[in-house]
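protein_17.txt follows; it contains compact mmCIF, C-alpha atoms and all ligand atoms.
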# COMPACT_ATOMS: atom_id res chain seq x y z
CA MET A 1 -6.54 -40.37 32.12
CA CYS A 2 -8.66 -37.32 31.44
CA ARG A 3 -7.67 -36.04 28.02
CA THR A 4 -8.60 -32.46 28.85
CA CYS A 5 -6.71 -31.81 32.05
CA GLY A 6 -4.42 -34.83 32.29
CA CYS A 7 -5.59 -35.86 35.79
CA GLY A 8 -5.86 -39.51 36.81
CA ALA A 9 -9.65 -39.72 36.49
CA ALA A 10 -11.45 -40.74 33.30
CA ASP A 11 -12.66 -38.03 30.91
CA HIS A 12 -14.94 -35.66 32.75
CA ASP A 13 -16.63 -32.33 32.34
CA HIS A 14 -14.45 -29.22 32.80
CA ASP A 15 -17.15 -26.58 32.57
CA HIS A 16 -18.01 -26.65 36.26
CA ASP A 17 -15.98 -25.98 39.41
CA HIS A 18 -14.13 -28.96 40.76
CA HIS A 19 -10.91 -29.78 42.55
CA HIS A 20 -8.56 -29.33 39.65
CA ARG A 21 -10.12 -26.38 37.91
CA SER A 22 -7.39 -24.28 36.36
CA ARG A 23 -6.03 -21.28 38.19
CA ARG A 24 -5.06 -17.99 36.53
CA ILE A 25 -1.64 -16.46 36.98
CA ALA A 26 -1.24 -12.92 35.69
CA LEU A 27 2.03 -12.34 33.77
CA GLU A 28 1.49 -8.99 32.02
CA THR A 29 4.75 -9.08 30.08
CA ASP A 30 5.52 -7.66 26.67
CA LEU A 31 6.15 -10.45 24.17
CA LEU A 32 9.32 -8.69 23.13
CA ALA A 33 10.55 -8.42 26.71
CA ARG A 34 13.52 -10.75 26.24
CA ASN A 35 14.79 -8.77 23.24
CA ASP A 36 13.92 -5.43 24.85
CA ARG A 37 15.94 -6.18 27.98
CA ILE A 38 19.08 -6.79 25.92
CA ALA A 39 18.32 -3.76 23.73
CA GLU A 40 17.97 -1.48 26.76
CA ALA A 41 21.31 -2.68 28.11
CA LEU A 42 22.88 -2.02 24.71
CA ARG A 43 21.32 1.43 24.55
CA ALA A 44 22.79 2.34 27.95
CA ARG A 45 26.18 1.06 26.82
CA PHE A 46 26.03 3.03 23.52
CA GLU A 47 25.04 6.16 25.41
CA HIS A 48 27.85 5.69 27.90
CA ASP A 49 30.40 5.06 25.15
CA GLY A 50 29.17 7.90 22.92
CA ILE A 51 28.11 5.72 20.01
CA ALA A 52 25.23 6.73 17.74
CA VAL A 53 23.57 3.64 16.33
CA LEU A 54 21.28 3.72 13.31
CA ASN A 55 19.21 0.68 12.37
CA LEU A 56 18.59 0.66 8.58
CA ILE A 57 15.45 -1.19 7.56
CA GLY A 58 14.22 -1.76 4.02
CA ALA A 59 13.21 -4.38 1.49
CA PRO A 60 15.88 -6.51 -0.19
CA GLY A 61 17.39 -4.46 -2.99
CA ALA A 62 16.17 -1.10 -1.67
CA GLY A 63 19.72 0.19 -1.87
CA LYS A 64 20.76 0.01 1.79
CA THR A 65 24.29 -1.23 1.14
CA ALA A 66 24.82 1.20 -1.74
CA LEU A 67 23.62 4.05 0.50
CA LEU A 68 26.13 2.99 3.14
CA GLU A 69 29.02 2.63 0.68
CA HIS A 70 28.51 6.18 -0.56
CA THR A 71 27.81 7.58 2.90
CA LEU A 72 31.06 6.14 4.25
CA ARG A 73 32.99 7.79 1.43
CA LYS A 74 31.28 11.13 2.06
CA LEU A 75 32.22 11.17 5.74
CA PRO A 76 35.96 10.46 5.63
CA ALA A 77 36.79 12.01 8.97
CA ALA A 78 34.15 10.35 11.09
CA SER A 79 34.69 7.09 12.97
CA ILE A 80 32.11 4.75 11.47
CA ALA A 81 31.53 1.01 11.58
CA VAL A 82 28.87 -1.25 10.13
CA ILE A 83 27.09 -4.41 11.17
CA GLU A 84 25.71 -6.15 8.09
CA GLY A 85 22.68 -8.40 8.53
CA ASP A 86 21.78 -10.87 5.78
CA GLN A 87 20.33 -14.34 5.76
CA ALA A 88 23.42 -15.65 3.99
CA THR A 89 26.84 -14.67 2.55
CA ASP A 90 29.32 -11.95 3.47
CA ARG A 91 28.94 -10.13 0.15
CA ASP A 92 27.67 -6.89 1.70
CA ALA A 93 30.36 -6.95 4.39
CA ARG A 94 32.97 -7.19 1.65
CA ARG A 95 31.44 -4.20 -0.15
CA ILE A 96 31.66 -2.21 3.07
CA ALA A 97 35.18 -3.45 3.86
CA ALA A 98 36.26 -2.14 0.46
CA THR A 99 35.59 1.39 1.75
CA GLY A 100 38.21 0.79 4.46
CA ARG A 101 35.77 0.77 7.39
CA ARG A 102 35.29 -1.83 10.07
CA VAL A 103 32.44 -4.22 9.43
CA VAL A 104 31.07 -7.47 10.81
CA GLN A 105 28.62 -9.68 8.97
CA VAL A 106 25.77 -11.36 10.87
CA ASN A 107 24.08 -14.22 9.00
CA THR A 108 20.64 -15.06 10.36
CA GLY A 109 20.06 -18.21 8.28
CA ALA A 110 16.29 -18.64 8.20
CA GLY A 111 15.87 -15.60 10.50
CA CYS A 112 14.11 -12.65 8.88
CA HIS A 113 15.36 -9.92 11.24
CA LEU A 114 18.20 -9.04 13.58
CA GLU A 115 17.71 -9.34 17.32
CA ALA A 116 19.48 -7.42 20.08
CA GLY A 117 21.40 -10.50 21.23
CA MET A 118 23.05 -10.79 17.80
CA ILE A 119 24.37 -7.24 18.10
CA GLU A 120 25.52 -7.83 21.67
CA ARG A 121 27.50 -10.92 20.66
CA ARG A 122 29.36 -9.26 17.77
CA LEU A 123 29.86 -5.73 19.05
CA GLY A 124 33.25 -6.43 20.61
CA GLU A 125 34.78 -7.30 17.24
CA LEU A 126 34.33 -3.73 16.04
CA GLY A 127 36.46 -2.12 18.75
CA LEU A 128 34.47 1.11 18.51
CA ALA A 129 36.06 4.36 19.59
CA ARG A 130 34.13 7.07 21.45
CA ARG A 131 32.04 9.27 19.19
CA SER A 132 31.48 6.64 16.57
CA LEU A 133 28.60 6.14 14.24
CA LEU A 134 27.47 2.52 13.99
CA PHE A 135 25.20 1.54 11.13
CA VAL A 136 23.26 -1.68 11.38
CA GLU A 137 21.95 -2.84 8.02
CA ASN A 138 19.04 -5.05 8.99
CA VAL A 139 17.98 -8.14 7.05
CA GLY A 140 16.08 -7.10 3.91
CA ASN A 141 12.50 -7.14 5.18
CA LEU A 142 9.98 -4.38 5.82
CA VAL A 143 7.90 -6.22 8.39
CA CYS A 144 9.45 -7.61 11.56
CA PRO A 145 12.71 -5.64 11.87
CA ALA A 146 10.42 -2.79 12.94
CA LEU A 147 9.43 -4.79 16.04
CA PHE A 148 12.87 -5.75 17.30
CA ASP A 149 14.72 -3.02 19.16
CA LEU A 150 18.48 -3.27 18.70
CA GLY A 151 19.31 -0.54 21.19
CA GLU A 152 19.61 1.94 18.33
CA ARG A 153 19.36 5.69 18.60
CA ALA A 154 17.03 5.75 15.59
CA LYS A 155 15.55 3.49 12.97
CA VAL A 156 15.97 4.62 9.37
CA ALA A 157 13.54 3.30 6.77
CA VAL A 158 15.03 2.84 3.30
CA VAL A 159 12.60 2.71 0.37
CA SER A 160 13.54 3.02 -3.29
CA VAL A 161 11.44 5.14 -5.65
CA ALA A 162 10.78 2.09 -7.82
CA GLU A 163 8.91 0.25 -5.04
CA GLY A 164 5.69 2.18 -5.57
CA GLU A 165 4.17 5.29 -3.99
CA ASP A 166 1.93 3.27 -1.68
CA LYS A 167 4.76 1.27 -0.10
CA PRO A 168 4.64 3.36 3.12
CA LEU A 169 0.91 2.64 3.46
CA LYS A 170 1.32 -1.08 2.77
CA TYR A 171 4.20 -1.43 5.25
CA PRO A 172 3.39 1.25 7.80
CA HIS A 173 5.03 -0.26 10.88
CA VAL A 174 8.58 0.45 9.83
CA ILE A 175 7.63 3.98 8.69
CA ARG A 176 5.87 4.56 12.01
CA ALA A 177 8.86 3.31 14.02
CA ALA A 178 11.48 5.24 12.03
CA ALA A 179 12.90 8.68 12.74
CA ALA A 180 14.01 9.10 9.14
CA LEU A 181 13.15 7.85 5.68
CA VAL A 182 15.71 7.68 2.91
CA VAL A 183 14.10 7.50 -0.53
CA THR A 184 16.77 5.86 -2.65
CA LYS A 185 17.43 5.59 -6.40
CA MET A 186 15.97 9.02 -7.11
CA ASP A 187 17.85 8.92 -10.43
CA LEU A 188 15.45 6.16 -11.52
CA ALA A 189 12.24 8.10 -10.84
CA PRO A 190 11.72 9.38 -14.40
CA HIS A 191 12.43 5.93 -15.86
CA VAL A 192 9.95 4.00 -13.72
CA ASP A 193 7.06 6.49 -13.75
CA ALA A 194 7.46 6.97 -10.02
CA ASP A 195 6.14 9.95 -8.11
CA PRO A 196 8.51 10.45 -5.16
CA ALA A 197 6.44 13.37 -3.81
CA LEU A 198 3.42 11.10 -3.43
CA LEU A 199 5.54 8.40 -1.77
CA ILE A 200 6.79 10.99 0.72
CA GLU A 201 3.28 12.33 1.33
CA ASN A 202 2.08 8.80 2.10
CA ALA A 203 4.97 8.28 4.49
CA ARG A 204 4.17 11.53 6.32
CA ARG A 205 0.54 10.41 6.70
CA VAL A 206 1.79 7.39 8.59
CA ASN A 207 4.41 9.34 10.52
CA PRO A 208 4.18 13.16 10.47
CA ASP A 209 7.46 13.51 12.40
CA LEU A 210 9.56 11.69 9.81
CA ALA A 211 12.75 13.36 8.48
CA VAL A 212 12.88 12.57 4.76
CA PHE A 213 15.96 12.35 2.52
CA PRO A 214 15.52 11.68 -1.20
CA VAL A 215 18.90 10.57 -2.53
CA ALA A 216 20.66 9.21 -5.57
CA ALA A 217 23.60 7.67 -3.74
CA ALA A 218 26.01 7.14 -6.63
CA ARG A 219 25.35 10.52 -8.23
CA GLY A 220 25.46 12.24 -4.87
CA GLU A 221 22.13 14.06 -5.04
CA GLY A 222 20.63 14.56 -1.59
CA MET A 223 23.65 13.03 0.12
CA ALA A 224 24.75 16.31 1.75
CA GLU A 225 21.41 16.67 3.60
CA TRP A 226 21.48 13.02 4.67
CA CYS A 227 25.06 13.35 5.91
CA ALA A 228 24.18 16.54 7.81
CA TRP A 229 21.44 14.60 9.61
CA LEU A 230 23.94 11.85 10.44
CA GLU A 231 26.32 14.41 11.90
CA GLN A 232 23.45 15.70 14.05
CA GLN A 233 22.92 12.17 15.34
CA LEU A 234 26.58 12.02 16.23
CA GLU A 235 26.37 15.41 17.95
CA GLY A 236 23.53 14.00 20.03
CA VAL A 237 25.81 11.51 21.78
CA ARG A 238 28.76 13.78 22.39
CA MET V 239 3.02 -20.54 6.67
CA THR V 240 4.10 -19.03 9.94
CA ALA V 241 6.54 -16.18 9.56
CA VAL V 242 9.76 -16.55 11.47
CA HIS V 243 9.17 -13.59 13.69
CA GLU V 244 5.96 -15.05 15.04
CA LEU V 245 7.99 -18.16 15.89
CA ALA V 246 10.52 -15.98 17.67
CA LEU V 247 7.68 -14.44 19.67
CA ILE V 248 6.30 -17.85 20.65
CA GLU V 249 9.78 -18.88 21.79
CA SER V 250 9.95 -15.86 24.05
CA VAL V 251 6.49 -16.70 25.39
CA VAL V 252 7.73 -20.19 26.32
CA ASP V 253 10.86 -18.82 28.00
CA GLU V 254 8.92 -16.23 29.95
CA VAL V 255 6.19 -18.65 31.07
CA VAL V 256 8.70 -21.26 32.22
CA ALA V 257 10.75 -18.64 34.05
CA ARG V 258 7.70 -17.27 35.85
CA ILE V 259 5.68 -20.34 36.78
CA GLY V 260 8.25 -23.10 37.06
CA ASP V 261 6.99 -26.64 36.56
CA GLN V 262 3.25 -26.05 37.04
CA ARG V 263 1.28 -27.55 34.16
CA VAL V 264 -0.03 -24.94 31.77
CA ALA V 265 -3.52 -25.34 30.32
CA ILE V 266 -3.90 -22.04 28.51
CA VAL V 267 -1.56 -19.25 27.45
CA ARG V 268 -3.48 -16.02 26.97
CA LEU V 269 -2.05 -13.22 24.81
CA GLU V 270 -3.40 -9.76 24.12
CA ILE V 271 -2.56 -8.64 20.58
CA GLY V 272 -3.40 -5.24 19.17
CA ALA V 273 -4.75 -4.92 15.64
CA LEU V 274 -1.79 -2.66 14.74
CA ALA V 275 0.90 -4.50 16.68
CA GLY V 276 2.51 -5.73 13.48
CA VAL V 277 1.96 -9.38 14.29
CA SER V 278 -0.24 -11.87 12.49
CA VAL V 279 -2.60 -13.52 14.98
CA GLU V 280 -3.28 -16.15 12.36
CA ALA V 281 0.43 -16.97 12.18
CA LEU V 282 0.68 -17.15 15.97
CA ARG V 283 -2.23 -19.58 16.12
CA THR V 284 -0.84 -21.71 13.32
CA GLY V 285 2.66 -21.88 14.74
CA PHE V 286 1.86 -22.29 18.43
CA ASP V 287 1.33 -26.06 18.74
CA VAL V 288 4.40 -27.01 16.73
CA CYS V 289 6.53 -24.40 18.42
CA ILE V 290 5.74 -25.54 21.98
CA GLU V 291 6.24 -29.25 21.22
CA GLY V 292 8.99 -30.65 23.40
CA THR V 293 8.96 -27.62 25.72
CA PRO V 294 7.73 -27.63 29.34
CA ILE V 295 4.43 -26.09 28.20
CA ALA V 296 3.74 -28.66 25.44
CA GLY V 297 0.02 -29.35 25.16
CA ALA V 298 -1.07 -25.90 26.34
CA SER V 299 -3.64 -24.13 24.21
CA LEU V 300 -3.40 -20.58 22.95
CA ASP V 301 -6.04 -17.96 23.57
CA VAL V 302 -5.56 -14.65 21.75
CA VAL V 303 -7.54 -11.63 22.85
CA GLU V 304 -7.53 -9.19 19.93
CA VAL V 305 -7.58 -5.50 20.76
CA ALA V 306 -9.04 -2.99 18.30
CA ALA V 307 -6.96 0.08 17.41
CA VAL V 308 -7.96 3.48 18.78
CA ALA V 309 -6.10 6.73 18.15
CA ARG V 310 -6.18 10.21 19.63
CA CYS V 311 -5.87 13.00 17.09
CA ARG V 312 -3.22 15.59 17.94
CA SER V 313 -5.04 18.19 15.84
CA CYS V 314 -8.59 18.01 17.23
CA GLY V 315 -8.15 15.83 20.30
CA SER V 316 -10.85 13.34 19.41
CA GLU V 317 -10.50 9.61 19.95
CA ALA V 318 -11.64 7.23 17.25
CA ALA V 319 -11.05 3.81 15.75
CA LEU V 320 -7.94 3.61 13.57
CA ALA V 321 -8.42 1.25 10.65
CA ALA V 322 -4.80 1.47 9.53
CA TYR V 323 -1.74 3.66 10.01
CA GLY V 324 -2.01 6.52 7.55
CA ALA V 325 -5.82 6.78 7.74
CA PRO V 326 -7.01 10.32 8.51
CA CYS V 327 -9.08 11.51 11.47
CA ALA V 328 -12.58 12.88 10.71
CA CYS V 329 -11.03 16.38 10.98
CA GLY V 330 -8.59 15.52 8.17
CA GLY V 331 -5.54 15.33 10.44
CA PHE V 332 -2.97 12.53 10.15
CA ASP V 333 -1.11 13.13 13.39
CA ARG V 334 -2.80 10.39 15.39
CA GLU V 335 -1.36 8.81 18.49
CA LEU V 336 -2.15 5.15 19.05
CA ILE V 337 -3.80 4.65 22.45
CA ALA V 338 -4.92 1.05 21.97
CA GLY V 339 -4.17 -1.61 19.40
CA GLY V 340 -0.39 -1.77 19.76
CA GLU V 341 -0.48 -4.45 22.49
CA LEU V 342 1.88 -7.39 22.24
CA LEU V 343 1.27 -8.83 25.65
CA LEU V 344 1.66 -12.14 27.45
CA LYS V 345 -1.39 -11.55 29.62
CA GLU V 346 -1.71 -14.63 31.81
CA VAL V 347 -1.61 -18.39 31.96
CA GLU V 348 -4.07 -20.85 33.38
CA VAL V 349 -2.40 -23.69 35.26
CA TYR V 350 -3.88 -26.88 36.72
N1 LIG A 401 20.14 3.52 -10.26
C1 LIG A 401 20.44 3.32 -8.97
N2 LIG A 401 20.64 2.05 -8.54
C2 LIG A 401 20.92 1.86 -7.24
C3 LIG A 401 21.03 2.92 -6.32
N3 LIG A 401 21.28 2.42 -5.11
C4 LIG A 401 21.37 1.07 -5.27
N4 LIG A 401 21.14 0.73 -6.55
C5 LIG A 401 21.18 -0.63 -7.12
O1 LIG A 401 20.16 -1.43 -6.51
C6 LIG A 401 20.62 -2.77 -6.34
C7 LIG A 401 20.47 -3.20 -4.88
O2 LIG A 401 21.29 -2.38 -4.08
P1 LIG A 401 21.83 -2.84 -2.65
O3 LIG A 401 22.57 -1.70 -2.08
O4 LIG A 401 22.55 -4.13 -2.75
O5 LIG A 401 20.45 -3.09 -1.87
P2 LIG A 401 20.16 -3.68 -0.40
O6 LIG A 401 19.68 -5.07 -0.60
O7 LIG A 401 19.08 -2.80 0.14
O8 LIG A 401 21.42 -3.58 0.37
C8 LIG A 401 22.05 -2.79 -6.82
O9 LIG A 401 22.08 -3.30 -8.13
C9 LIG A 401 22.47 -1.34 -6.77
O10 LIG A 401 23.46 -1.03 -7.71
C10 LIG A 401 20.81 4.26 -6.82
O11 LIG A 401 20.85 5.25 -6.09
N5 LIG A 401 20.51 4.38 -8.14
MG MG A 402 22.46 -5.08 1.50
ZN ZN A 403 11.58 -11.50 11.39
ZN ZN A 404 -8.79 15.13 14.38
Could you render the structure from this file as structure tokens?
Amino acid sequence: MCRTCGCGAADHDHDHDHHHRSRRIALETDLLARNDRIAEALRARFEHDGIAVLNLIGAPGAGKTALLEHTLRKLPAASIAVIEGDQATDRDARRIAATGRRVVQVNTGAGCHLEAGMIERRLGELGLARRSLLFVENVGNLVCPALFDLGERAKVAVVSVAEGEDKPLKYPHVIRAAAALVVTKMDLAPHVDADPALLIENARRVNPDLAVFPVAAARGEGMAEWCAWLEQQLEGVR
Amino acid sequence: MTAVHELALIESVVDEVVARIGDQRVAIVRLEIGALAGVSVEALRTGFDVCIEGTPIAGASLDVVEVAAVARCRSCGSEAALAAYGAPCACGGFDRELIAGGELLLKEVEVY
């Protein structure tokens, strides 16, 4: 058998034209097409049902869950639910549940990001009312969650001040894809020699349209502006 | 080591190829990947063989056409190579729209 093309003849030259030369078939499909198809269907469903979905993306430990815990307490009247993505455990879901809101935990195992199908499978458990805000806390990772559309209204990048001013330049894809950046742990800035203004300037170089919210979630600084932006997102679907 | 999201991309390549060409034998899978697509071409190449083992396209080889990044500046209108997101235009502007280099495309296959 020819080891190059697998035909019955002995090994032979494949550089020239002959009867079983390969044939090209154009496919021209985005590599993310499978995910994108599900995401588009979700987006249509969210739009129809009046649900504003925000996909939170940041490194492990950036303060995503803490931001959510305090945000949920600051918006008592709004209908809000959370999908928690982590590789393992339901620890974050329990933190959210303690605020009294609906939450489902998605464990991805070895998976480093959430995909649209995971949202589609678990959405029903939340029983979302019209005019709800749905937060998706993505798996802690600044790289590939930026690629996978979850049908969200907007991606929100979450970066803590202690991660370094050049973080937005080192991980530009998520900053580029996001509509908003929350700079967390502002209370720590003086203690870690961080320059939040430079971090924000770097982020705006990557994405000039970014809305930026520096916050100290537990202390409450910056939370009013962030919550006002969230209410705007909710207005957008009404 | 191949990152998991490159593996996820290869899985969707397999699904798409099988769905589109049926049981024809695949010699080459050709992808077009932009320099700023957010995907490691190295990781795709490393993971491909293992990832397609046991699938209908097992044995196919991977050909990646890499596309350089080009941006149009919204301040001055000029088009120029973009080395990285966040790099300024010659005019000093940062508002640059990517016009090439974001490709993440299953371009074609060669079948016997
Ligand atoms: N000082 C301070 N610590 C914070 C703040 N937000 C989160 N943290 C701490 O950072 C750690 C990681 O937070 P967590 O919300 O679990 O991060 P996640 O992995 O992004 O969800 C925890 O120990 C939090 O208490 C903040 O605003 N200020
Ligand atoms: Mg968390
Ligand atoms: Zn991933
Ligand atoms: Zn310019």
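Inspection of the environment of ligand ZN 404 (chain A), which uses only C-alpha atoms and all ligand atoms and a cut-off of 7 Å, identifies the neighbouring residues as Cys311, Arg312, Ser313, Cys314, Gly315, Ser316, Cys327, Ala328, Cys329, Gly330 and Gly331 of chain V.
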Give me the residues within 9 Å of Arg95 (chain A) as JSON, numbers by chain, counting only C-alpha atoms and dropping any in the same chain fewer than 5 places off. {"A": [65, 66, 69, 90]}
Residues near region 51-61 of chain A, cut-off 7 Å, all atoms listed in the file, skip fewer than 5 positions along chain, as JSON, numbers by chain: {"A": [46, 130, 131, 132, 133, 134, 135, 136, 137, 138, 140, 141, 142, 145, 152, 153, 154, 155, 156, 157, 158, 159, 233, 234, 237]}
Check: which chain V residues lie within 6 Å of chain A using only C-alpha atoms, as a PDB file with C-alpha atoms, in the coordinates of the input:
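In the end it all went to iface_35.pdb:
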ATOM      1  CA  TYR V 323      -1.740   3.660  10.010  1.00  0.00           C
ATOM      2  CA  GLY V 324      -2.010   6.520   7.550  1.00  0.00           C
ATOM      3  CA  PHE V 332      -2.970  12.530  10.150  1.00  0.00           C
ATOM      4  CA  LEU V 342       1.880  -7.390  22.240  1.00  0.00           C
ATOM      5  CA  LEU V 343       1.270  -8.830  25.650  1.00  0.00           C
ATOM      6  CA  LEU V 344       1.660 -12.140  27.450  1.00  0.00           C
ATOM      7  CA  LYS V 345      -1.390 -11.550  29.620  1.00  0.00           C
ATOM      8  CA  GLU V 346      -1.710 -14.630  31.810  1.00  0.00           C
ATOM      9  CA  VAL V 347      -1.610 -18.390  31.960  1.00  0.00           C
ATOM     10  CA  GLU V 348      -4.070 -20.850  33.380  1.00  0.00           C
ATOM     11  CA  VAL V 349      -2.400 -23.690  35.260  1.00  0.00           C
ATOM     12  CA  TYR V 350      -3.880 -26.880  36.720  1.00  0.00           C
TER      13      TYR V 350
END
Env. residues ligand LIG 401 (chain A) / 6 Å / all atoms listed in the file / as a VMD selection string: chain A and resid 60 to 66 184 to 185 187 to 188 216 to 218
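Coordinates place CA of Glu270 (chain V) at a distance of 12.4 Å from CA of Ala307 (chain V).
Between CA of Glu221 (chain A) and CA of Leu199 (chain A) the separation is 17.8 Å.
The spacing separating CA of Ala177 (chain A) from CA of Glu47 (chain A) amounts to 20.0 Å.
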Using all atoms listed in the file, which residue out of A:Thr108, A:Gln87, A:Gln232, A:Thr99 lies closest to ligand MG 402 (chain A)?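 Going through A:Thr108, A:Gln87, A:Gln232, A:Thr99 one by one, the smallest distance to ligand MG 402 (chain A) is for A:Gln87.
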Counting all atoms listed in the file, find the residues whose atoms lie at most 7 Å from (-6.1, -0.5, 10.6) (file coordinates) and write them out as an MDAnalysis selection string. chainID V and resid 273:274 307 320:323
As number ranges by chain, please: the residues near Ala98 (chain A) (cut-off 12 Å, all atoms listed in the file, same-chain neighbours under 5 positions excluded). A: 68-70, 72-73, 91-93, 103
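Compared by their closest atoms to ligand ZN 403 (chain A), and using all atoms listed in the file, the residues V:Val277, V:Val256, V:Ala265, V:Ile337 rank with V:Val277 nearest.
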Counting all atoms listed in the file, what is within 9 Å of Arg101 (chain A), bar same-chain residues fewer than 6 positions away, as a short mmCIF file (atom, residue, chain, number, x, y, z; two decimals) with C-alpha atoms, keeping the file's coordinate frame?
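Here's the written file selection09.cif:
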data_model
loop_
_atom_site.label_atom_id
_atom_site.label_comp_id
_atom_site.auth_asym_id
_atom_site.auth_seq_id
_atom_site.Cartn_x
_atom_site.Cartn_y
_atom_site.Cartn_z
CA LEU A 72 31.06 6.14 4.25
CA SER A 79 34.69 7.09 12.97
CA ILE A 80 32.11 4.75 11.47
CA ALA A 81 31.53 1.01 11.58
CA VAL A 82 28.87 -1.25 10.13
#
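Take the candidates V:Val242, V:Leu336, V:Ala309, V:Val288 and check each one against ligand ZN 403 (chain A) using all atoms listed in the file; the shortest distance goes to V:Val242.
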Would you kindly return, as a short mmCIF file (atom, residue, chain, number, x, y, z; two decimals) with C-alpha atoms, keeping the file's coordinate frame, each protein, DNA or RNA residue with an atom no farther than 9 Å from any atom of Glu165 (chain A), considering all atoms listed in the file and excluding same-chain residues fewer than 2 positions away?
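What ended up in around.cif:
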data_model
loop_
_atom_site.label_atom_id
_atom_site.label_comp_id
_atom_site.auth_asym_id
_atom_site.auth_seq_id
_atom_site.Cartn_x
_atom_site.Cartn_y
_atom_site.Cartn_z
CA VAL A 161 11.44 5.14 -5.65
CA ALA A 162 10.78 2.09 -7.82
CA GLU A 163 8.91 0.25 -5.04
CA LYS A 167 4.76 1.27 -0.10
CA PRO A 168 4.64 3.36 3.12
CA LEU A 169 0.91 2.64 3.46
CA ALA A 194 7.46 6.97 -10.02
CA ASP A 195 6.14 9.95 -8.11
CA PRO A 196 8.51 10.45 -5.16
CA ALA A 197 6.44 13.37 -3.81
CA LEU A 198 3.42 11.10 -3.43
CA LEU A 199 5.54 8.40 -1.77
CA ILE A 200 6.79 10.99 0.72
CA GLU A 201 3.28 12.33 1.33
CA ASN A 202 2.08 8.80 2.10
#
Counting all atoms listed in the file, which of A:Gly222, A:Pro214, A:Gly164, A:Gly127 gets nearest to Val192 (chain A)?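 Answer, going by the shortest atom-to-atom distance: A:Gly164.
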Selected residue of minimal separation from Leu67 (chain A) among A:Ile96, A:Leu114, A:Asp166, A:Gln105, counting all atoms listed in the file: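 Ranked by minimum distance to Leu67 (chain A), first place goes to A:Ile96.
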Residues within 12 Å of (2.0, -29.2, 23.1), file coordinates, counting only C-alpha atoms: what are they? Give the list as a count of residues only. 22
From the set V:Glu244, V:Glu335, V:Asp261, V:Glu304, which residue has the shortest atom-to-atom contact distance to ligand ZN 403 (chain A), counting only C-alpha atoms and all ligand atoms?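 Among the listed residues, V:Glu244 lies closest to ligand ZN 403 (chain A).
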If you keep N, CA and C atoms, can you output region 119-131 of chain A as a PDB file, in the first residue's frame?
ATOM      1  N   ILE A 119     -24.100  26.654  28.807  1.00  0.00           N
ATOM      2  CA  ILE A 119     -25.106  27.616  29.268  1.00  0.00           C
ATOM      3  C   ILE A 119     -26.491  27.125  28.860  1.00  0.00           C
ATOM      4  N   GLU A 120     -26.586  26.686  27.603  1.00  0.00           N
ATOM      5  CA  GLU A 120     -27.863  26.206  27.070  1.00  0.00           C
ATOM      6  C   GLU A 120     -28.424  25.063  27.924  1.00  0.00           C
ATOM      7  N   ARG A 121     -27.540  24.135  28.331  1.00  0.00           N
ATOM      8  CA  ARG A 121     -27.994  22.968  29.090  1.00  0.00           C
ATOM      9  C   ARG A 121     -28.507  23.332  30.476  1.00  0.00           C
ATOM     10  N   ARG A 122     -27.939  24.376  31.099  1.00  0.00           N
ATOM     11  CA  ARG A 122     -28.262  24.654  32.501  1.00  0.00           C
ATOM     12  C   ARG A 122     -29.246  25.802  32.714  1.00  0.00           C
ATOM     13  N   LEU A 123     -29.522  26.517  31.635  1.00  0.00           N
ATOM     14  CA  LEU A 123     -30.323  27.734  31.734  1.00  0.00           C
ATOM     15  C   LEU A 123     -31.692  27.491  32.377  1.00  0.00           C
ATOM     16  N   GLY A 124     -32.314  26.388  32.000  1.00  0.00           N
ATOM     17  CA  GLY A 124     -33.662  26.069  32.480  1.00  0.00           C
ATOM     18  C   GLY A 124     -33.770  26.032  33.996  1.00  0.00           C
ATOM     19  N   GLU A 125     -32.687  25.603  34.654  1.00  0.00           N
ATOM     20  CA  GLU A 125     -32.710  25.471  36.113  1.00  0.00           C
ATOM     21  C   GLU A 125     -32.898  26.809  36.831  1.00  0.00           C
ATOM     22  N   LEU A 126     -32.594  27.899  36.123  1.00  0.00           N
ATOM     23  CA  LEU A 126     -32.646  29.205  36.782  1.00  0.00           C
ATOM     24  C   LEU A 126     -34.049  29.794  36.792  1.00  0.00           C
ATOM     25  N   GLY A 127     -34.912  29.329  35.903  1.00  0.00           N
ATOM     26  CA  GLY A 127     -36.273  29.845  35.835  1.00  0.00           C
ATOM     27  C   GLY A 127     -36.321  31.368  35.811  1.00  0.00           C
ATOM     28  N   LEU A 128     -35.608  31.961  34.847  1.00  0.00           N
ATOM     29  CA  LEU A 128     -35.466  33.418  34.829  1.00  0.00           C
ATOM     30  C   LEU A 128     -36.744  34.137  34.440  1.00  0.00           C
ATOM     31  N   ALA A 129     -37.048  35.183  35.181  1.00  0.00           N
ATOM     32  CA  ALA A 129     -38.194  36.027  34.864  1.00  0.00           C
ATOM     33  C   ALA A 129     -37.788  37.032  33.785  1.00  0.00           C
ATOM     34  N   ARG A 130     -38.781  37.649  33.139  1.00  0.00           N
ATOM     35  CA  ARG A 130     -38.486  38.742  32.205  1.00  0.00           C
ATOM     36  C   ARG A 130     -37.732  39.841  32.952  1.00  0.00           C
ATOM     37  N   ARG A 131     -36.940  40.575  32.207  1.00  0.00           N
ATOM     38  CA  ARG A 131     -36.165  41.680  32.777  1.00  0.00           C
ATOM     39  C   ARG A 131     -35.254  41.218  33.901  1.00  0.00           C
TER      40      ARG A 131
END
